[in-house]
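**Student:** Can you read through this structure? Questions will come right after.
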Amino acid sequence: MEGEDDAYRARSYSAEDGLKLFYRDYGEATWEPTPLLCLAGLTRNSVDFHDLALHVSASGRRVIAPDYRGRGQSSFDPTWQNYRAEVHLGDVEALLIALNLHRVIVVGTSFGGLLSMVLAVKRPTVLAGVVLNDVGPEIDPGGLARIAGYVGTPVSYVSYEEAARAQMHMFSPAYPDLDDSDWLKLTKRSYRQNGAGQLVPDYDLNLGKALTAAGPTPDMWPFYRALQDTPCLAFRGELSDILSAETFDRMAADVPELRRVIVPGRGHVPLLDELSCIEAIDEFLKPL
C-alpha cells in the first residue's frame with residue numbers, strides 16, 4: 001500500500017512490460033459480494049468513479065478503479081504506440097491477476113465499455129455483469145471527430161477557474177445544467193499541475209498520436225453480442241453524440257435481456273452520480 005485516503009487505498013501494480021500502474025481500492029478484499037471494476041474513458045482515470053465508488057462501497061461491495069497507462073497517477077509509456085486497446089486490455093488482465101479476482105462486475109465508461117466487450121470474448125468467465133456507460137458497438141462519426149479534435153492538443157491554464165471556463169465552453173452541450181461549482185469540480189478531476197506550475201490535461205498528450213494511428217474501429221457488434229449471457233445494463237445520455245438512439249435500439253434487439261436507461265440532460269458521458277444512474281445501478285447489483 002502506497003497511500004491511504006479516508007475512502008480508498010491508493011495502490012500500484014506492474015504491467016506485463018514492467019510499467020508502474022495505479023489503482024484505487026475502495027472496501028475490503030474479504031467482502032463477499034462480487035467486486036466492481038470501473039474502467040474509464042479514453043483520456044480519463046479512476047477519479048471519475050469516486051462518487052459512485054463511495055456509494056457502492058458503503059453497501060459492503062469492493063470497488064477497484066484503475067488508471068490506464070498514461071493517465072492519472074499511472075506512469076506514462078515511453079513508447080506511445082502502446083496506447084492501444086490490446087495493451088490496455090492486457091493491463092486490466094494483469095490487475096485481475098495481481099488482485100486474484102476471478103469474477104468482477106465491470107462498469108465501463110466509453111472506451112472502458114469497449115474493453116468490457118472484448119473481455120466478454122477473451123475472458124467471458126470473469127464477467128459477472130457489465131454496465132455500459134454511453135457506449136455501444138457503433139460510435140457516431142460526429143462524436144468521434146469531436147473527440148479526435150481535442151485529444152492530444154496541448155493546453156495550459158494558470159488557475160482552475162480559468163480551466164473551468166474553458167471546460168464549460170467545450171462541454172456545456174453535454175451538461176447544460178451544471179453550475180460553476182460543478183464545472184470547477186470536474187475541472188479539478190481533469191487537470192494536474194506541471195513542473196512550471198501550470199495546469200495541463202491529466203493524461204499523456206501522446207494519446208492523440210495513438211488515436212490518429214489507430215485507424216478505423218473494428219466491427220464491435222460480435223464482441224457486444226458476446227454479452228448476451230451476461231447481465232448487462234446500458235446508459236445513454238439523452239444528448240449523446242457518441243451513442244446514437246438507433247444504435248441504442250439495435251443493442252436491445254441484439255441482446256434482448258439488456259436493461260436500458262436514458263439519462264436526461266446528459267450528453268457524452270453521464271457522470272454516474274445522476275439519480276437515474278444510481279437507482280439503476282443499485283437495482284442491477286442486487287442479485288449479483
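All residue names refer to the C-alpha cells as shown: chains lettered A, B, ... in order, residues numbered from 1 in each chain, ligands numbered from 1 in order.
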Residues of segment 77-140 of chain A that approach segment 35-46 of chain A to 12 Å or less, counting only C-alpha atoms: could you list each one with the shortest pair of atoms and its distance in Å to one decimal, rows by chain and increasing residue number, as a tab-separated table?

**Tutor:**
```
residue	atom	partner	partner_atom	distance
A:Tyr83	CA	A:Leu42	CA	9.9
A:Arg84	CA	A:Leu42	CA	10.2
A:Ala85	CA	A:Leu42	CA	9.9
A:His88	CA	A:Leu39	CA	10.3
A:Leu89	CA	A:Leu39	CA	10.3
A:Asp91	CA	A:Leu39	CA	11.4
A:Val92	CA	A:Leu39	CA	8.8
A:Glu93	CA	A:Leu37	CA	11.3
A:Leu95	CA	A:Leu37	CA	10.1
A:Leu96	CA	A:Leu37	CA	9.3
A:Leu99	CA	A:Pro35	CA	11.1
A:Asn100	CA	A:Pro35	CA	11.6
A:Leu101	CA	A:Pro35	CA	8.5
A:His102	CA	A:Pro35	CA	10.0
A:Arg103	CA	A:Pro35	CA	7.6
A:Val104	CA	A:Pro35	CA	5.3
A:Ile105	CA	A:Leu36	CA	4.8
A:Val106	CA	A:Leu37	CA	4.7
A:Val107	CA	A:Cys38	CA	4.7
A:Gly108	CA	A:Leu39	CA	4.8
A:Thr109	CA	A:Ala40	CA	5.2
A:Ser110	CA	A:Gly41	CA	5.0
A:Phe111	CA	A:Gly41	CA	4.7
A:Gly112	CA	A:Leu39	CA	4.5
A:Gly113	CA	A:Leu39	CA	7.3
A:Leu114	CA	A:Gly41	CA	9.5
A:Leu115	CA	A:Leu39	CA	8.1
A:Ser116	CA	A:Leu39	CA	8.3
A:Met117	CA	A:Leu39	CA	11.8
A:Leu119	CA	A:Leu39	CA	11.9
A:Val126	CA	A:Leu37	CA	11.0
A:Leu127	CA	A:Leu37	CA	10.0
A:Ala128	CA	A:Pro35	CA	9.3
A:Gly129	CA	A:Leu36	CA	9.1
A:Val130	CA	A:Leu36	CA	9.4
A:Val131	CA	A:Cys38	CA	9.3
A:Leu132	CA	A:Leu39	CA	10.0
A:Asn133	CA	A:Gly41	CA	9.4
A:Asp134	CA	A:Gly41	CA	10.1
A:Val135	CA	A:Gly41	CA	9.9
```

**Student:** Any chance you could export the current selection's C-alpha atoms as an mmCIF file, in the first residue's frame?

**Tutor:**
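Contents of part-v4.cif, as written:
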```cif
data_model
loop_
_atom_site.group_PDB
_atom_site.id
_atom_site.type_symbol
_atom_site.label_atom_id
_atom_site.label_comp_id
_atom_site.auth_asym_id
_atom_site.auth_seq_id
_atom_site.Cartn_x
_atom_site.Cartn_y
_atom_site.Cartn_z
ATOM 1 C CA TYR A 83 -1.548 3.312 -26.120
ATOM 2 C CA ARG A 84 -3.784 0.859 -27.943
ATOM 3 C CA ALA A 85 -6.712 -1.273 -26.881
ATOM 4 C CA HIS A 88 -4.800 -1.600 -22.129
ATOM 5 C CA LEU A 89 -6.759 -4.844 -22.014
ATOM 6 C CA ASP A 91 -3.068 -4.180 -18.212
ATOM 7 C CA VAL A 92 -6.600 -4.854 -16.965
ATOM 8 C CA GLU A 93 -5.955 -8.586 -17.055
ATOM 9 C CA LEU A 95 -4.627 -6.193 -12.465
ATOM 10 C CA LEU A 96 -7.136 -9.024 -12.141
ATOM 11 C CA LEU A 99 -5.596 -8.958 -7.072
ATOM 12 C CA ASN A 100 -6.596 -12.605 -7.575
ATOM 13 C CA LEU A 101 -10.001 -11.548 -8.901
ATOM 14 C CA HIS A 102 -11.800 -14.314 -10.789
ATOM 15 C CA ARG A 103 -15.202 -12.622 -11.116
ATOM 16 C CA VAL A 104 -15.996 -8.910 -11.397
ATOM 17 C CA ILE A 105 -18.797 -6.607 -12.470
ATOM 18 C CA VAL A 106 -17.361 -4.131 -14.945
ATOM 19 C CA VAL A 107 -18.580 -0.551 -15.160
ATOM 20 C CA GLY A 108 -17.198 0.685 -18.467
ATOM 21 C CA THR A 109 -17.455 4.321 -19.498
ATOM 22 C CA SER A 110 -16.964 4.935 -23.221
ATOM 23 C CA PHE A 111 -13.578 3.338 -24.052
ATOM 24 C CA GLY A 112 -13.872 1.266 -20.880
ATOM 25 C CA GLY A 113 -17.138 -0.173 -22.181
ATOM 26 C CA LEU A 114 -15.448 -1.226 -25.404
ATOM 27 C CA LEU A 115 -12.795 -3.025 -23.342
ATOM 28 C CA SER A 116 -15.542 -4.852 -21.440
ATOM 29 C CA MET A 117 -16.990 -6.096 -24.755
ATOM 30 C CA LEU A 119 -13.326 -9.121 -22.278
ATOM 31 C CA VAL A 126 -14.594 -13.263 -15.411
ATOM 32 C CA LEU A 127 -17.673 -11.139 -16.130
ATOM 33 C CA ALA A 128 -20.461 -11.401 -13.577
ATOM 34 C CA GLY A 129 -22.130 -8.328 -15.063
ATOM 35 C CA VAL A 130 -21.434 -5.287 -17.223
ATOM 36 C CA VAL A 131 -22.591 -1.679 -17.068
ATOM 37 C CA LEU A 132 -22.027 0.214 -20.322
ATOM 38 C CA ASN A 133 -21.931 3.984 -19.870
ATOM 39 C CA ASP A 134 -22.818 5.794 -23.100
ATOM 40 C CA VAL A 135 -21.069 3.407 -25.428
#
```

**Student:** Extract, using only C-alpha atoms, all DNA, RNA and protein residues at most 8 Å from Gly90 of chain A, discarding same-chain residues fewer than 3 positions from it, and format them as an MDAnalysis selection string.

**Tutor:** chainID A and resid 15:16 86:87 93:94

**Student:** Name the residues of segment 17-233 of chain A that fall into alpha helix (DSSP H) according to DSSP on the backbone, using the chain letters and numbers of this document, as a ChimeraX atom specification.

**Tutor:** /A:50-57,85-98,111-122,141-150,160-171,180-188,207-213,221-225

**Student:** Which neighbours of Ser276 of chain A fall inside 10 Å, counting only C-alpha atoms, when residues of the same chain fewer than 4 positions from it are skipped, and could you give them as a list in words?

**Tutor:**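 Surrounding residues, per the criterion: Phe235, Val261, Ile262, Val263, Pro264, Leu272, Ala280 and Ile281 of chain A.
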
**Student:** Just to be explicit: take each residue in the selection above, keep C-alpha atoms, and write the result as a PDB file, in the first residue's frame.

**Tutor:**
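Just written: result_38.pdb:
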```
ATOM      1  CA  PHE A 235     -26.875   4.045 -20.100  1.00  0.00           C
ATOM      2  CA  VAL A 261     -31.709   3.749 -19.163  1.00  0.00           C
ATOM      3  CA  ILE A 262     -31.714   7.092 -20.965  1.00  0.00           C
ATOM      4  CA  VAL A 263     -30.146   9.749 -18.738  1.00  0.00           C
ATOM      5  CA  PRO A 264     -31.955  13.083 -19.217  1.00  0.00           C
ATOM      6  CA  LEU A 272     -22.911   8.233 -12.898  1.00  0.00           C
ATOM      7  CA  ALA A 280     -30.495   1.693 -11.892  1.00  0.00           C
ATOM      8  CA  ILE A 281     -27.054   0.544 -10.704  1.00  0.00           C
TER       9      ILE A 281
END
```

**Student:** Please give the complete set of residues from segment 14-259 of chain A that DSSP, run on the backbone, assigns to strand (DSSP E or B), formatted as a PyMOL selection string.

**Tutor:** chain A and resi 14+20-26+36-39+63-66+71+104-109+127-133+157+191-193+199-201+203+232-237+259

**Student:** Limited to N, CA and C atoms, could you put the picked residues into a file as a CSV table (one decimal), in the first residue's frame?

**Tutor:**
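Once written, out_13.csv looks like this:
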```csv
chain,number,residue,atom,x,y,z
A,14,SER,N,2.4,-3.8,-11.4
A,14,SER,CA,3.2,-3.7,-12.5
A,14,SER,C,2.5,-4.4,-13.7
A,20,LYS,N,4.7,0.9,-14.2
A,20,LYS,CA,4.0,1.0,-12.9
A,20,LYS,C,2.7,1.7,-13.1
A,21,LEU,N,1.6,1.0,-12.7
A,21,LEU,CA,0.2,1.4,-12.9
A,21,LEU,C,-0.5,1.6,-11.6
A,22,PHE,N,-1.4,2.5,-11.5
A,22,PHE,CA,-2.1,2.9,-10.3
A,22,PHE,C,-3.5,2.4,-10.3
A,23,TYR,N,-4.0,2.2,-9.1
A,23,TYR,CA,-5.5,1.9,-8.9
A,23,TYR,C,-5.9,2.3,-7.6
A,24,ARG,N,-7.2,2.6,-7.5
A,24,ARG,CA,-7.9,2.9,-6.2
A,24,ARG,C,-8.6,1.7,-5.8
A,25,ASP,N,-8.6,1.4,-4.5
A,25,ASP,CA,-9.2,0.2,-3.9
A,25,ASP,C,-10.1,0.7,-2.8
A,26,TYR,N,-11.4,0.6,-3.0
A,26,TYR,CA,-12.4,1.0,-2.1
A,26,TYR,C,-13.0,-0.3,-1.4
A,36,LEU,N,-16.8,-4.5,-8.0
A,36,LEU,CA,-16.9,-3.7,-9.2
A,36,LEU,C,-15.5,-3.3,-9.7
A,37,LEU,N,-15.4,-3.4,-11.0
A,37,LEU,CA,-14.2,-3.0,-11.6
A,37,LEU,C,-14.6,-1.8,-12.6
A,38,CYS,N,-14.1,-0.6,-12.3
A,38,CYS,CA,-14.5,0.6,-13.1
A,38,CYS,C,-13.4,1.0,-14.1
A,39,LEU,N,-13.8,1.0,-15.3
A,39,LEU,CA,-12.9,1.3,-16.4
A,39,LEU,C,-13.3,2.6,-17.1
A,63,VAL,N,-14.8,-1.9,-4.6
A,63,VAL,CA,-14.7,-1.2,-5.9
A,63,VAL,C,-13.2,-1.0,-6.2
A,64,ILE,N,-12.9,-1.4,-7.4
A,64,ILE,CA,-11.5,-1.2,-7.9
A,64,ILE,C,-11.6,-0.3,-9.1
A,65,ALA,N,-10.8,0.7,-9.1
A,65,ALA,CA,-10.8,1.7,-10.2
A,65,ALA,C,-9.3,2.0,-10.6
A,66,PRO,N,-8.9,1.5,-11.8
A,66,PRO,CA,-7.5,1.7,-12.2
A,66,PRO,C,-7.4,3.0,-13.1
A,71,ARG,N,-2.4,7.8,-17.9
A,71,ARG,CA,-3.4,8.6,-17.3
A,71,ARG,C,-3.3,8.7,-15.8
A,104,VAL,N,-15.8,-10.3,-11.7
A,104,VAL,CA,-16.0,-8.9,-11.4
A,104,VAL,C,-17.2,-8.4,-12.2
A,105,ILE,N,-17.8,-7.3,-11.7
A,105,ILE,CA,-18.8,-6.6,-12.5
A,105,ILE,C,-18.1,-5.4,-13.0
A,106,VAL,N,-18.1,-5.2,-14.3
A,106,VAL,CA,-17.4,-4.1,-14.9
A,106,VAL,C,-18.3,-3.0,-15.2
A,107,VAL,N,-17.9,-1.8,-14.8
A,107,VAL,CA,-18.6,-0.6,-15.2
A,107,VAL,C,-17.7,0.1,-16.2
A,108,GLY,N,-18.1,0.2,-17.4
A,108,GLY,CA,-17.2,0.7,-18.5
A,108,GLY,C,-17.8,2.0,-19.1
A,109,THR,N,-17.1,3.1,-18.9
A,109,THR,CA,-17.5,4.3,-19.5
A,109,THR,C,-16.8,4.5,-20.8
A,127,LEU,N,-16.6,-12.2,-16.2
A,127,LEU,CA,-17.7,-11.1,-16.1
A,127,LEU,C,-18.9,-11.7,-15.4
A,128,ALA,N,-19.2,-11.1,-14.3
A,128,ALA,CA,-20.5,-11.4,-13.6
A,128,ALA,C,-21.6,-10.4,-14.0
A,129,GLY,N,-21.2,-9.3,-14.6
A,129,GLY,CA,-22.1,-8.3,-15.1
A,129,GLY,C,-21.4,-7.2,-15.7
A,130,VAL,N,-22.1,-6.4,-16.5
A,130,VAL,CA,-21.4,-5.3,-17.2
A,130,VAL,C,-22.4,-4.1,-17.2
A,131,VAL,N,-21.9,-2.9,-16.9
A,131,VAL,CA,-22.6,-1.7,-17.1
A,131,VAL,C,-21.9,-0.9,-18.1
A,132,LEU,N,-22.6,-0.6,-19.2
A,132,LEU,CA,-22.0,0.2,-20.3
A,132,LEU,C,-22.5,1.7,-20.2
A,133,ASN,N,-21.6,2.6,-20.1
A,133,ASN,CA,-21.9,4.0,-19.9
A,133,ASN,C,-21.7,4.8,-21.2
A,157,TYR,N,-3.3,26.3,-18.3
A,157,TYR,CA,-4.1,27.3,-17.7
A,157,TYR,C,-3.3,27.7,-16.4
A,191,TYR,N,-7.3,18.0,-14.7
A,191,TYR,CA,-6.1,18.7,-14.9
A,191,TYR,C,-5.1,18.4,-13.7
A,192,ARG,N,-3.8,18.5,-14.0
A,192,ARG,CA,-2.8,18.4,-13.0
A,192,ARG,C,-1.8,19.5,-13.2
A,193,GLN,N,-1.1,19.8,-12.1
A,193,GLN,CA,-0.1,20.9,-12.2
A,193,GLN,C,1.2,20.3,-12.7
A,199,LEU,N,-1.5,24.4,-15.2
A,199,LEU,CA,-2.5,23.3,-15.2
A,199,LEU,C,-2.6,22.7,-16.6
A,200,VAL,N,-2.4,21.4,-16.7
A,200,VAL,CA,-2.4,20.7,-18.0
A,200,VAL,C,-3.2,19.5,-17.9
A,201,PRO,N,-3.7,19.0,-19.1
A,201,PRO,CA,-4.6,17.8,-19.0
A,201,PRO,C,-3.9,16.6,-18.3
A,203,TYR,N,-3.3,13.6,-18.6
A,203,TYR,CA,-3.0,12.4,-19.4
A,203,TYR,C,-1.9,12.7,-20.3
A,232,CYS,N,-26.5,-7.3,-18.1
A,232,CYS,CA,-26.0,-6.1,-18.7
A,232,CYS,C,-26.9,-4.9,-18.6
A,233,LEU,N,-26.4,-3.8,-18.2
A,233,LEU,CA,-27.1,-2.5,-18.0
A,233,LEU,C,-26.4,-1.5,-18.9
A,234,ALA,N,-27.2,-0.7,-19.6
A,234,ALA,CA,-26.6,0.3,-20.5
A,234,ALA,C,-27.3,1.6,-20.3
A,235,PHE,N,-26.4,2.7,-20.2
A,235,PHE,CA,-26.9,4.0,-20.1
A,235,PHE,C,-26.6,4.8,-21.4
A,236,ARG,N,-27.5,5.6,-21.8
A,236,ARG,CA,-27.3,6.5,-22.9
A,236,ARG,C,-27.7,7.9,-22.5
A,237,GLY,N,-26.7,8.8,-22.6
A,237,GLY,CA,-27.0,10.2,-22.4
A,237,GLY,C,-28.0,10.7,-23.4
A,259,ARG,N,-30.8,-4.2,-20.0
A,259,ARG,CA,-31.6,-3.2,-19.3
A,259,ARG,C,-31.0,-1.8,-19.8
```

**Student:** Which neighbours of Pro137 of chain A fall inside 10 Å, counting only C-alpha atoms, when residues of the same chain fewer than 6 positions from it are skipped, and could you give them as a list in words?

**Tutor:**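 Once the adjacent positions are removed, what remains is Gly113, Leu114, Met117, Thr217, Pro218, Asp219, Met220, Trp221, Pro222, Phe223, Tyr224, Arg225, Leu243, Thr247, Phe248, Arg250 and Met251 of chain A.
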
**Student:** Can you work out which one of A:His268, A:Gln81, A:Asp48, A:Ser181 has the shortest atom-to-atom distance to Arg69 of chain A, counting only C-alpha atoms?

**Tutor:**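 Between A:His268, A:Gln81, A:Asp48, A:Ser181, the residue approaching Arg69 of chain A most closely is A:Gln81.
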
**Student:** Determine, counting only C-alpha atoms, which protein, DNA and RNA residues have an atom within 7 Å of an atom of Ser190 of chain A; residues of the same chain fewer than 3 positions away are not included. Present the result as a list in words.

**Tutor:**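 Neighbouring residues, sequence-local ones excluded: Leu186, Thr187, Pro201 and Asp202 of chain A.
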